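Down below is the structure, laid out as structure tokens.
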Amino acid sequence: MKEKLLIRMTILLPFLILAIGEKEVKCTKQGENTSRALIDHQVNKTILVPGGDVYDCIGVSVQPAFKHPLLKNHKIQMEPSSLPLSAYPESPSMHAIPQVQLPIIECPTGTIPVLRNNRRDRMAAKTINEIVSKDLQQEAAGIQYLDELYGTRARINVYEPKVKTNSKDTSASRIQINGGEGVGRRDALGVGSWVSPSYSGDSFARFHVYWDDGSPTKACVDHDCTAFVQVNRHVGLGGRIKPISMYNGPQYEIDILIFKDPKTKNWWVAYGEKNTPIGYWPSSLFHYMKDKGDSAWWGGYVQGPTASTDSPQMGSGHFASEGFGKASFLKNIQIVDNNNKLVTPNIYTAHLGSTNLSKYTTDGYEVNNYGLHMYYGGPGDLV
């Protein structure tokens, strides 16, 4: 049943891309500053990706995360101790839609790629402060889940919603886990795609990971601050998504998995049908998610100074009732239970809805052994 959803939303700055070719450019000099995330870090190699993105390869042990005081003596976990197991054999229909792939960036062994984006660097400090401001407007459409979980998985239908180039608004499609519900402050982490001209410097959909420790001034995206430990030397966080889905045309999706390692308690991010690990947030960073999460969000989200009064598009930019090929979807939404198994969420604690039904809707809600499924989105004020 459709309903207006009253959501206590955590600020999100998250999230996709295709495997594209790369072009190596000159190596930078030792100690040369290449972006705000790389100050004081030695650059091993610099790679130019078609489209203009530049990645610097830095040592995995000297990435920005390790400037956090809680990670001073952190021992890097190079791979998960185990992956969550599926409770049911996967249906062939789950793989009918082509997967978006993250870009292949050939950083040397022992290094990881960090995005250097000059367009973004020029506006960095001001933009981040604006994005995480408490005064920003927010709208959402999707599924709010209130129950314990140890991870979540979903397939996100990737579109490139329109956001006015002169606005500071963001439109995102993502999955998110929270901890500390009801205590006045909470942890949150999320993964997905977003369009944010004021943050990225363009209107492309990009792949991001996101962490929030409950303090609005410490919201953390990718490697912009000290939190996420990346171990995959090929995945470029913050990179552009290609290809994207087209209205009434080809559709593309990405499989995203967030899960707590049962041994180390670190929160891992993996992607694709093979659950390729990207990296993790160390358990020591969390106040309320050291053991598990207590709520989740799956769907679309818009945020910014005019996200409610002059709203951008969400998802495909079309209402959920238009269905497949026209409305954006999330499907195969599952949670990781305390036995490290992927199962369908408890339908009695999963609530479908929207904060503004005149701008964004949800529809096509289904439940089966392979998870929850829904359409979501809308034009906002860009009709």
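Please note that chains go A, B, ... in the order of the structure tokens, that every chain numbers its residues from 1, and that ligands are numbered from 1 in the order shown.
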
Would you give me, as a VMD selection string, the residues in segment 117-351 of chain A that DSSP reads as alpha helix (DSSP H)?
chain A and resid 118 to 121 124 to 131 197 to 200

With a distance cut-off of 6 Å and only C-alpha atoms, select the neighbouring residues of segment 176-182 of chain A, excluding the residue or stretch itself and same-chain residues fewer than 4 positions from it, and output the selection as a PyMOL selection string.
chain A and resi 186-190+288-289+293-297

Proximity check segment 322-378 of chain A to segment 75-85 of chain A, 12 Å, nearest pairs one decimal Å, only C-alpha atoms, as CSV:
```
residue,atom,partner,partner_atom,distance
A:Gln334,CA,A:Pro84,CA,10.9
A:Ile335,CA,A:Pro84,CA,9.6
A:Val336,CA,A:Pro84,CA,6.8
A:Asp337,CA,A:Pro84,CA,8.9
A:Asn338,CA,A:Pro84,CA,10.1
A:Asn339,CA,A:Pro84,CA,8.6
A:Asn340,CA,A:Pro84,CA,4.9
A:Lys341,CA,A:Leu85,CA,4.7
A:Leu342,CA,A:Leu85,CA,5.8
A:Val343,CA,A:Leu85,CA,9.1
```

Using only C-alpha atoms, the shortest atom-to-atom distance to His373 of chain A among A:Asp224, A:Ile143, A:Arg206, A:Thr276 belongs to A:Ile143

Among the residues of segment 173-235 of chain A, find those DSSP assigns to strand (DSSP E) from the backbone and print them as JSON, numbers by chain.
{"A": [173, 174, 175, 176, 177, 178, 179, 187, 188, 189, 190, 191, 192, 193, 194, 195, 206, 207, 208, 209, 210, 211, 212, 220, 221, 229, 230]}

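Taking atom CA of Gly249 of chain A as the reference point, atom CA of Gly192 of chain A is found at 21.6 Å.
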
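Among the candidates A:Ile105, A:Met94, A:Val100, A:Ala140, the one nearest to Val54 of chain A when counting only C-alpha atoms is A:Ile105.
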
Would you list the contacts of Gly380 of chain A as a ChimeraX atom specification, taking every protein, DNA or RNA residue within 9 Å and counting only C-alpha atoms, but skipping same-chain residues closer than 3 positions in sequence?
/A:307-308,310-314,317-318,358-360,377,383

Generate the output file for the selected residues, N, CA, C and O atoms, as an mmCIF file, in the first residue's frame.
```
data_model
loop_
_atom_site.group_PDB
_atom_site.id
_atom_site.type_symbol
_atom_site.label_atom_id
_atom_site.label_comp_id
_atom_site.auth_asym_id
_atom_site.auth_seq_id
_atom_site.Cartn_x
_atom_site.Cartn_y
_atom_site.Cartn_z
ATOM 1 N N ALA A 307 16.126 20.924 -2.382
ATOM 2 C CA ALA A 307 15.666 19.568 -2.697
ATOM 3 C C ALA A 307 14.166 19.397 -2.524
ATOM 4 O O ALA A 307 13.568 18.511 -3.148
ATOM 5 N N SER A 308 13.532 20.212 -1.687
ATOM 6 C CA SER A 308 12.082 20.135 -1.486
ATOM 7 C C SER A 308 11.336 21.242 -2.220
ATOM 8 O O SER A 308 10.222 21.029 -2.700
ATOM 9 N N ASP A 310 12.510 23.114 -4.956
ATOM 10 C CA ASP A 310 12.767 23.074 -6.404
ATOM 11 C C ASP A 310 13.451 21.743 -6.705
ATOM 12 O O ASP A 310 14.606 21.691 -7.126
ATOM 13 N N SER A 311 12.707 20.664 -6.531
ATOM 14 C CA SER A 311 13.271 19.316 -6.428
ATOM 15 C C SER A 311 13.842 18.799 -7.745
ATOM 16 O O SER A 311 13.229 18.955 -8.807
ATOM 17 N N PRO A 312 15.000 18.123 -7.680
ATOM 18 C CA PRO A 312 15.557 17.445 -8.859
ATOM 19 C C PRO A 312 14.826 16.141 -9.128
ATOM 20 O O PRO A 312 13.978 15.708 -8.343
ATOM 21 N N GLN A 313 15.162 15.511 -10.232
ATOM 22 C CA GLN A 313 14.606 14.194 -10.523
ATOM 23 C C GLN A 313 15.179 13.147 -9.568
ATOM 24 O O GLN A 313 16.253 13.323 -8.997
ATOM 25 N N MET A 314 14.448 12.054 -9.445
ATOM 26 C CA MET A 314 14.912 10.900 -8.674
ATOM 27 C C MET A 314 14.752 9.661 -9.546
ATOM 28 O O MET A 314 13.747 9.513 -10.245
ATOM 29 N N GLY A 317 13.512 9.711 -13.272
ATOM 30 C CA GLY A 317 12.801 10.964 -13.487
ATOM 31 C C GLY A 317 11.341 10.747 -13.801
ATOM 32 O O GLY A 317 10.620 11.696 -14.107
ATOM 33 N N HIS A 318 10.866 9.496 -13.703
ATOM 34 C CA HIS A 318 9.472 9.158 -13.987
ATOM 35 C C HIS A 318 8.877 8.431 -12.791
ATOM 36 O O HIS A 318 9.582 7.785 -12.012
ATOM 37 N N SER A 358 3.568 13.757 -4.410
ATOM 38 C CA SER A 358 3.322 14.556 -5.610
ATOM 39 C C SER A 358 4.565 14.648 -6.489
ATOM 40 O O SER A 358 4.462 15.009 -7.666
ATOM 41 N N LYS A 359 5.709 14.306 -5.934
ATOM 42 C CA LYS A 359 6.971 14.410 -6.672
ATOM 43 C C LYS A 359 7.650 13.066 -6.900
ATOM 44 O O LYS A 359 8.307 12.865 -7.925
ATOM 45 N N TYR A 360 7.511 12.149 -5.934
ATOM 46 C CA TYR A 360 8.188 10.856 -6.007
ATOM 47 C C TYR A 360 7.255 9.774 -5.473
ATOM 48 O O TYR A 360 6.578 9.968 -4.457
ATOM 49 N N GLY A 377 10.773 6.619 -7.634
ATOM 50 C CA GLY A 377 11.297 7.806 -8.312
ATOM 51 C C GLY A 377 10.233 8.770 -8.746
ATOM 52 O O GLY A 377 9.051 8.637 -8.418
ATOM 53 N N VAL A 383 9.273 18.912 -14.332
ATOM 54 C CA VAL A 383 8.236 18.285 -15.160
ATOM 55 C C VAL A 383 8.301 18.835 -16.570
ATOM 56 O O VAL A 383 8.345 20.051 -16.763
#
```

Compile the contact shell of Pro305 of chain A as an NGL selection string: residues with an atom at most 8 Å away, counting only C-alpha atoms, same-chain residues fewer than 3 positions apart removed.
:A and (135-137 or 168-169)

Residues as selected, C-alpha atoms, written as a CSV table (one decimal), in the first residue's frame, can you do that?
```csv
chain,number,residue,atom,x,y,z
A,135,ASP,CA,19.7,23.0,7.2
A,136,LEU,CA,19.4,21.1,4.0
A,137,GLN,CA,16.1,19.9,2.5
A,168,LYS,CA,23.7,22.4,-4.9
A,169,ASP,CA,21.3,19.5,-4.8
```

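Counting only C-alpha atoms and comparing A:His223, A:His287, A:Arg174, A:Arg155, the residue that lies closest to Ile58 of chain A is A:His223.
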
Got a sec: who's within 12 Å of Ala270 of chain A, counting only C-alpha atoms, leaving out chain neighbours fewer than 6 positions off, as an NGL selection string?
:A and (79-80 or 82-84 or 101-102 or 151-154 or 190-192 or 209 or 230-232 or 235 or 254-261 or 276-280)

Okay, now the selection with N, CA and C atoms, as a CSV table (one decimal), in the first residue's frame?
```
chain,number,residue,atom,x,y,z
A,79,GLU,N,41.3,-9.1,2.6
A,79,GLU,CA,40.1,-9.8,2.0
A,79,GLU,C,39.2,-10.2,3.2
A,80,PRO,N,37.9,-10.3,2.9
A,80,PRO,CA,37.0,-10.8,3.9
A,80,PRO,C,37.3,-12.2,4.4
A,82,SER,N,35.1,-14.3,5.1
A,82,SER,CA,34.1,-15.1,4.4
A,82,SER,C,33.0,-14.2,3.8
A,83,LEU,N,32.3,-14.7,2.9
A,83,LEU,CA,31.2,-13.9,2.3
A,83,LEU,C,29.8,-14.5,2.7
A,84,PRO,N,28.8,-13.7,2.8
A,84,PRO,CA,27.5,-14.2,3.2
A,84,PRO,C,27.0,-15.2,2.1
A,101,GLN,N,29.7,-2.3,-14.7
A,101,GLN,CA,31.0,-2.7,-14.1
A,101,GLN,C,31.8,-1.4,-13.6
A,102,LEU,N,32.5,-1.6,-12.6
A,102,LEU,CA,33.3,-0.5,-12.1
A,102,LEU,C,34.6,-0.4,-13.0
A,151,GLY,N,24.1,-6.9,7.3
A,151,GLY,CA,24.5,-6.5,6.0
A,151,GLY,C,23.2,-6.5,5.1
A,152,THR,N,23.4,-6.0,3.9
A,152,THR,CA,22.3,-6.0,2.9
A,152,THR,C,22.9,-6.1,1.5
A,153,ARG,N,22.0,-6.6,0.6
A,153,ARG,CA,22.4,-6.7,-0.8
A,153,ARG,C,21.2,-6.2,-1.6
A,154,ALA,N,21.5,-5.6,-2.8
A,154,ALA,CA,20.4,-5.2,-3.7
A,154,ALA,C,21.0,-4.9,-5.1
A,190,GLY,N,26.6,3.8,3.5
A,190,GLY,CA,25.8,3.6,2.3
A,190,GLY,C,26.7,3.5,1.1
A,191,VAL,N,26.1,2.9,0.1
A,191,VAL,CA,26.7,2.7,-1.2
A,191,VAL,C,25.7,2.9,-2.3
A,192,GLY,N,26.1,3.5,-3.4
A,192,GLY,CA,25.2,3.6,-4.6
A,192,GLY,C,25.7,4.6,-5.6
A,209,VAL,N,30.9,5.5,-1.9
A,209,VAL,CA,30.7,4.9,-0.6
A,209,VAL,C,30.6,6.0,0.4
A,230,GLN,N,40.4,1.0,1.5
A,230,GLN,CA,40.3,0.3,0.2
A,230,GLN,C,41.4,-0.7,0.1
A,231,VAL,N,41.1,-1.9,-0.4
A,231,VAL,CA,42.1,-2.9,-0.7
A,231,VAL,C,42.1,-3.3,-2.2
A,232,ASN,N,41.1,-3.0,-2.9
A,232,ASN,CA,41.0,-3.3,-4.3
A,232,ASN,C,41.8,-2.3,-5.1
A,235,VAL,N,39.5,-0.6,-8.5
A,235,VAL,CA,38.2,0.1,-8.4
A,235,VAL,C,38.5,1.6,-8.1
A,254,ILE,N,23.5,-2.6,-11.1
A,254,ILE,CA,24.7,-3.1,-10.4
A,254,ILE,C,24.3,-3.8,-9.1
A,255,ASP,N,25.0,-4.8,-8.8
A,255,ASP,CA,24.8,-5.6,-7.6
A,255,ASP,C,25.7,-5.1,-6.5
A,256,ILE,N,25.1,-4.6,-5.4
A,256,ILE,CA,25.9,-4.1,-4.3
A,256,ILE,C,25.7,-4.9,-3.0
A,257,LEU,N,26.7,-5.2,-2.3
A,257,LEU,CA,26.7,-6.0,-1.1
A,257,LEU,C,27.4,-5.2,0.0
A,258,ILE,N,26.8,-5.0,1.1
A,258,ILE,CA,27.4,-4.5,2.3
A,258,ILE,C,27.3,-5.5,3.4
A,259,PHE,N,28.3,-5.9,4.1
A,259,PHE,CA,28.2,-7.0,5.1
A,259,PHE,C,29.3,-6.8,6.2
A,260,LYS,N,28.9,-7.3,7.4
A,260,LYS,CA,29.9,-7.3,8.5
A,260,LYS,C,30.7,-8.6,8.5
A,261,ASP,N,32.0,-8.5,8.5
A,261,ASP,CA,32.8,-9.7,8.5
A,261,ASP,C,32.6,-10.4,9.9
A,276,THR,N,32.8,-9.0,-5.7
A,276,THR,CA,34.2,-8.5,-5.7
A,276,THR,C,34.4,-7.5,-4.6
A,277,PRO,N,35.3,-7.8,-3.6
A,277,PRO,CA,35.5,-6.8,-2.5
A,277,PRO,C,36.2,-5.5,-3.0
A,278,ILE,N,35.7,-4.4,-2.4
A,278,ILE,CA,36.4,-3.1,-2.7
A,278,ILE,C,37.2,-2.7,-1.5
A,279,GLY,N,36.6,-2.8,-0.3
A,279,GLY,CA,37.2,-2.3,0.9
A,279,GLY,C,36.3,-2.3,2.1
A,280,TYR,N,36.6,-1.7,3.2
A,280,TYR,CA,35.8,-1.8,4.4
A,280,TYR,C,35.9,-0.6,5.3
```

Compare A:Pro113, A:Lys164, A:Trp298, A:Val229 by their minimum atom-to-atom distance to Trp268 of chain A, counting only C-alpha atoms, and give me the closest one.
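Under the stated criterion, the closest residue is A:Val229.
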
Kindly give the distance, in Å, that separates atom CA of Val302 of chain A and atom CA of Ser203 of chain A, rounded to a single decimal.
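For atom CA of Val302 of chain A relative to atom CA of Ser203 of chain A, the distance reads 14.3 Å.
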
What is the distance between atom CA of Ile97 of chain A and atom CA of Glu253 of chain A, in Å to one decimal?
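So the answer is 6.8 Å.
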
Nearby residues (only C-alpha atoms) at most 8 Å from Leu115 of chain A, same-chain spacing under 3 positions excluded, as a short mmCIF file (atom, residue, chain, number, x, y, z; two decimals) with N, CA, C and O atoms, in the first residue's frame:
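The resulting result-v1.cif:
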```cif
data_model
loop_
_atom_site.label_atom_id
_atom_site.label_comp_id
_atom_site.auth_asym_id
_atom_site.auth_seq_id
_atom_site.Cartn_x
_atom_site.Cartn_y
_atom_site.Cartn_z
N ASP A 53 38.66 11.90 -15.88
CA ASP A 53 39.00 11.59 -14.50
C ASP A 53 40.46 11.15 -14.39
O ASP A 53 40.97 10.42 -15.24
N VAL A 54 41.11 11.60 -13.34
CA VAL A 54 42.51 11.26 -13.08
C VAL A 54 42.59 10.56 -11.73
O VAL A 54 42.05 11.04 -10.74
N TYR A 55 43.27 9.41 -11.72
CA TYR A 55 43.46 8.66 -10.48
C TYR A 55 44.95 8.59 -10.15
O TYR A 55 45.78 8.33 -11.01
N ASP A 56 45.24 8.82 -8.87
CA ASP A 56 46.60 8.65 -8.36
C ASP A 56 46.67 7.35 -7.59
O ASP A 56 45.81 7.06 -6.74
N GLY A 236 37.88 2.44 -8.91
CA GLY A 236 38.02 3.88 -8.70
C GLY A 236 36.77 4.47 -8.07
O GLY A 236 35.78 4.72 -8.76
N LEU A 237 36.80 4.71 -6.76
CA LEU A 237 35.66 5.34 -6.10
C LEU A 237 35.47 6.76 -6.66
O LEU A 237 36.42 7.45 -6.96
N GLY A 238 34.22 7.18 -6.76
CA GLY A 238 33.91 8.49 -7.30
C GLY A 238 33.89 8.54 -8.81
O GLY A 238 33.66 9.61 -9.40
N GLY A 239 34.10 7.41 -9.47
CA GLY A 239 34.16 7.36 -10.93
C GLY A 239 32.79 7.41 -11.59
O GLY A 239 31.76 7.13 -10.98
#
```

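For Phe319 of chain A, the non-local neighbours within 6 Å, defined as residues at least 2 positions apart in the same chain or in other chains and counting only C-alpha atoms, are A:Ser321, A:Thr361, A:Gly377, A:Gly378.
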
Please produce a file of the residues just selected, as an mmCIF file, in the first residue's frame, where the atoms kept are N, CA, C and O atoms.
```
data_model
loop_
_atom_site.group_PDB
_atom_site.id
_atom_site.type_symbol
_atom_site.label_atom_id
_atom_site.label_comp_id
_atom_site.auth_asym_id
_atom_site.auth_seq_id
_atom_site.Cartn_x
_atom_site.Cartn_y
_atom_site.Cartn_z
ATOM 1 N N SER A 321 4.817 4.108 -11.157
ATOM 2 C CA SER A 321 3.726 3.371 -11.796
ATOM 3 C C SER A 321 3.989 3.057 -13.264
ATOM 4 O O SER A 321 3.331 2.192 -13.844
ATOM 5 N N THR A 361 7.226 8.628 -6.142
ATOM 6 C CA THR A 361 6.332 7.546 -5.726
ATOM 7 C C THR A 361 7.063 6.210 -5.676
ATOM 8 O O THR A 361 8.194 6.073 -6.159
ATOM 9 N N GLY A 377 10.773 6.619 -7.634
ATOM 10 C CA GLY A 377 11.297 7.806 -8.312
ATOM 11 C C GLY A 377 10.233 8.770 -8.746
ATOM 12 O O GLY A 377 9.051 8.637 -8.418
ATOM 13 N N GLY A 378 10.661 9.768 -9.530
ATOM 14 C CA GLY A 378 9.731 10.765 -10.025
ATOM 15 C C GLY A 378 10.443 11.987 -10.561
ATOM 16 O O GLY A 378 11.669 12.121 -10.462
#
```
